[in-house]
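Since the structure comes first, as structure tokens, the remarks are kept for the end.
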Amino acid sequence: MATDDSVRRDDPFSVLRRFARKPSGAERCELCSRAIGPEHPHVLEIAHRQLLCACDACAILFPGGHAKYSRVPRAIRDMSDFRLTDAQWDSLLIPIEMAFFYRNSTAGRVVAVYPSPAGATESLLPLERWDEVVADNPILATMAPDVEALVVNRLGVGTRQAVFIDHQPEYYIMPIDHCFRLVGLVRLHWKGLSGGAEVWDAIAGFFADIRSRAEPREVVRA
């Protein structure tokens with residue numbers, strides 16, 4: 001995937017524009033330079049949270065637990081029976097109704113990130129009730145560190161965005177590259193103070209695609 005020279009490579013979220021826009025021209029593995037197709041694996045450079053496009057041969061070299069790189073999984077898990085009360089959500093102190101949560105192995109903690117017009121914004125507030133959420137949903141303990149995230153979409157819960165009226169909360173465990181793609185879409189399409197119809201259509205389209213790809217969740221008992 002070609003580098004956008006207007007975005008710094010040492011920016012942890014420098015891949016956002018690349019994931020939000022359609023690819024142009026042939027892409028290459030960023031580890032060995034082999035030509036790759038539009039549907040290809042990704043590898044996360046852990047220390048700087050840099051996503052790299054990879055060929056299958058390179059991606060398979062980096063299973064979870066590697067010191068520098070980790071292969072990003074492909075499966076999206078539908079969490080339709082996820083348990084999260086309004087009080088628990090409010091206690092997480094996320095300023096919008098959409099966020100993703102992943103375990104940062106370098107920091108040794110769970111990180112909450114939400115999309116914004118400026119890109120990915122990390123919540124700096126402590127997740128005091130996160131352990132309670134995990135206790136109610138033991139499957140969260142199975143998420144691969146760094147490369148899988150719980151995605152919460154509660155847009156329409158307490159909002160008046162027309163495209164999301166009657167929308168029910170959605171919960172997925174998904175690869176981190178999809179999370180970056182969502183953030184990139186928001187950044188790319190946001191207009192004015194409220195975002196504009198274009199960004200809400202983009203978000204709706206993203207989750208429609210996720211629903212079509214999602215697999216039933218694994219049953220994990222406490």
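Residues are referred to by chain and number: the chain letter is A, B, ... according to the order shown in the structure tokens, the number counts from 1 in that chain, and ligands are numbered separately from 1 in the order shown.
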Could you name the residues that touch region 53-69 of chain A at 6 Å or less, counting only C-alpha atoms, but leaving out those on the same chain fewer than 2 positions away, as a PyMOL selection string?
chain A and resi 29-30+41-42+44-46+71
Could you find all residues in region 51-144 of chain A that DSSP calls strand (DSSP E) from the backbone, and write them as number ranges by chain?
A: 51-53, 69-71, 77-78, 98-104, 109-116, 119-122
Residue selection dump (C-alpha atoms) as a compact mmCIF listing (two decimals), in the first residue's frame:
# COMPACT_ATOMS: atom_id res chain seq x y z
CA LEU A 51 -0.33 -1.23 10.31
CA LEU A 52 1.55 -2.80 7.42
CA CYS A 53 0.09 -4.47 4.35
CA TYR A 69 4.93 -7.68 14.90
CA SER A 70 1.55 -9.36 15.23
CA ARG A 71 -0.65 -10.67 12.44
CA ARG A 77 -17.42 -11.90 15.75
CA ASP A 78 -21.04 -10.81 16.20
CA MET A 98 -19.21 4.78 19.51
CA ALA A 99 -15.78 3.48 20.54
CA PHE A 100 -13.44 0.52 20.41
CA PHE A 101 -11.52 -1.09 23.24
CA TYR A 102 -8.35 -3.13 22.92
CA ARG A 103 -5.56 -4.34 25.20
CA ASN A 104 -2.34 -2.47 24.54
CA ARG A 109 -3.83 -1.90 29.96
CA VAL A 110 -7.09 -1.65 28.05
CA VAL A 111 -7.31 1.44 25.85
CA ALA A 112 -10.52 3.12 24.70
CA VAL A 113 -10.46 4.97 21.37
CA TYR A 114 -13.28 6.83 19.65
CA PRO A 115 -13.54 8.32 16.15
CA SER A 116 -13.50 12.09 15.82
CA GLY A 119 -8.92 11.11 13.74
CA ALA A 120 -8.56 8.51 16.47
CA THR A 121 -8.89 10.01 19.94
CA GLU A 122 -7.81 8.03 22.97
Long-range neighbours of Asp209 (chain A) as a PyMOL selection string, 12 Å cut-off, only C-alpha atoms, 5 positions minimum in chain
chain A and resi 76+178+181-182+202-204+214
Based on DSSP run over this structure's backbone, return all residues of region 140-207 of chain A in helix (DSSP H, G or I), as a tab-separated table (two decimals) with N, CA and C atoms, in the first residue's frame.
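Contents of the output file part.tsv:
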chain	number	residue	atom	x	y	z
A	140	LEU	N	-14.57	-11.44	26.28
A	140	LEU	CA	-13.62	-10.34	26.10
A	140	LEU	C	-12.20	-10.75	26.50
A	141	ALA	N	-12.10	-11.69	27.40
A	141	ALA	CA	-10.78	-12.16	27.83
A	141	ALA	C	-10.06	-12.94	26.74
A	142	THR	N	-10.79	-13.34	25.68
A	142	THR	CA	-10.18	-14.10	24.59
A	142	THR	C	-9.66	-13.21	23.47
A	162	ALA	N	-31.08	11.04	12.02
A	162	ALA	CA	-32.18	10.37	11.33
A	162	ALA	C	-31.80	8.99	10.81
A	163	VAL	N	-30.56	8.84	10.33
A	163	VAL	CA	-30.16	7.57	9.76
A	163	VAL	C	-30.12	6.47	10.81
A	164	PHE	N	-30.05	6.83	12.09
A	164	PHE	CA	-29.93	5.83	13.14
A	164	PHE	C	-31.17	5.72	14.03
A	176	ILE	N	-8.28	-5.02	14.36
A	176	ILE	CA	-7.98	-3.62	14.59
A	176	ILE	C	-7.92	-2.82	13.29
A	177	ASP	N	-7.63	-3.47	12.16
A	177	ASP	CA	-7.58	-2.71	10.91
A	177	ASP	C	-8.97	-2.19	10.52
A	178	HIS	N	-10.03	-2.94	10.85
A	178	HIS	CA	-11.38	-2.43	10.59
A	178	HIS	C	-11.68	-1.22	11.48
A	179	CYS	N	-11.17	-1.24	12.70
A	179	CYS	CA	-11.36	-0.08	13.59
A	179	CYS	C	-10.69	1.15	13.01
A	180	PHE	N	-9.48	0.97	12.48
A	180	PHE	CA	-8.78	2.09	11.86
A	180	PHE	C	-9.56	2.59	10.63
A	181	ARG	N	-10.16	1.65	9.89
A	181	ARG	CA	-10.94	2.04	8.71
A	181	ARG	C	-12.13	2.89	9.12
A	182	LEU	N	-12.81	2.51	10.21
A	182	LEU	CA	-13.94	3.30	10.70
A	182	LEU	C	-13.50	4.71	11.08
A	183	VAL	N	-12.39	4.81	11.81
A	183	VAL	CA	-11.88	6.12	12.20
A	183	VAL	C	-11.54	6.95	10.97
A	184	GLY	N	-10.93	6.31	9.98
A	184	GLY	CA	-10.58	7.02	8.76
A	184	GLY	C	-11.79	7.54	8.01
A	185	LEU	N	-12.87	6.75	7.98
A	185	LEU	CA	-14.09	7.19	7.32
A	185	LEU	C	-14.67	8.43	7.99
A	186	VAL	N	-14.69	8.44	9.31
A	186	VAL	CA	-15.21	9.60	10.04
A	186	VAL	C	-14.37	10.82	9.74
A	187	ARG	N	-13.06	10.66	9.80
A	187	ARG	CA	-12.17	11.80	9.55
A	187	ARG	C	-12.31	12.31	8.12
A	188	LEU	N	-12.45	11.40	7.18
A	188	LEU	CA	-12.50	11.78	5.77
A	188	LEU	C	-13.80	12.49	5.40
A	189	HIS	N	-14.93	12.04	5.99
A	189	HIS	CA	-16.23	12.52	5.54
A	189	HIS	C	-16.87	13.56	6.44
A	196	GLY	N	-22.59	16.15	9.05
A	196	GLY	CA	-23.21	16.14	7.74
A	196	GLY	C	-23.69	14.76	7.33
A	197	ALA	N	-24.58	14.72	6.34
A	197	ALA	CA	-25.20	13.46	5.91
A	197	ALA	C	-24.16	12.48	5.38
A	198	GLU	N	-23.10	12.98	4.76
A	198	GLU	CA	-22.10	12.10	4.15
A	198	GLU	C	-21.43	11.19	5.18
A	199	VAL	N	-21.09	11.76	6.33
A	199	VAL	CA	-20.40	10.93	7.33
A	199	VAL	C	-21.34	9.90	7.94
A	200	TRP	N	-22.61	10.28	8.16
A	200	TRP	CA	-23.55	9.31	8.73
A	200	TRP	C	-23.84	8.18	7.75
A	201	ASP	N	-23.89	8.52	6.46
A	201	ASP	CA	-24.06	7.47	5.45
A	201	ASP	C	-22.84	6.54	5.43
A	202	ALA	N	-21.65	7.12	5.58
A	202	ALA	CA	-20.42	6.31	5.59
A	202	ALA	C	-20.40	5.37	6.79
A	203	ILE	N	-20.80	5.86	7.95
A	203	ILE	CA	-20.84	5.02	9.15
A	203	ILE	C	-21.86	3.91	8.99
A	204	ALA	N	-23.05	4.27	8.48
A	204	ALA	CA	-24.09	3.26	8.26
A	204	ALA	C	-23.61	2.20	7.27
A	205	GLY	N	-22.91	2.62	6.21
A	205	GLY	CA	-22.39	1.68	5.23
A	205	GLY	C	-21.32	0.76	5.83
A	206	PHE	N	-20.49	1.33	6.69
A	206	PHE	CA	-19.45	0.53	7.35
A	206	PHE	C	-20.08	-0.59	8.16
A	207	PHE	N	-21.08	-0.26	8.98
A	207	PHE	CA	-21.68	-1.29	9.84
A	207	PHE	C	-22.55	-2.26	9.04
Separation of CA of Ser105 (chain A) and CA of Ala149 (chain A), in Å?
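Atom-to-atom, CA of Ser105 (chain A) to CA of Ala149 (chain A), that is 12.7 Å.
Distance check against Ser123 (chain A) using only C-alpha atoms: of A:Met143, A:Arg213, A:Arg49, A:Leu93, the minimum falls on A:Leu93.
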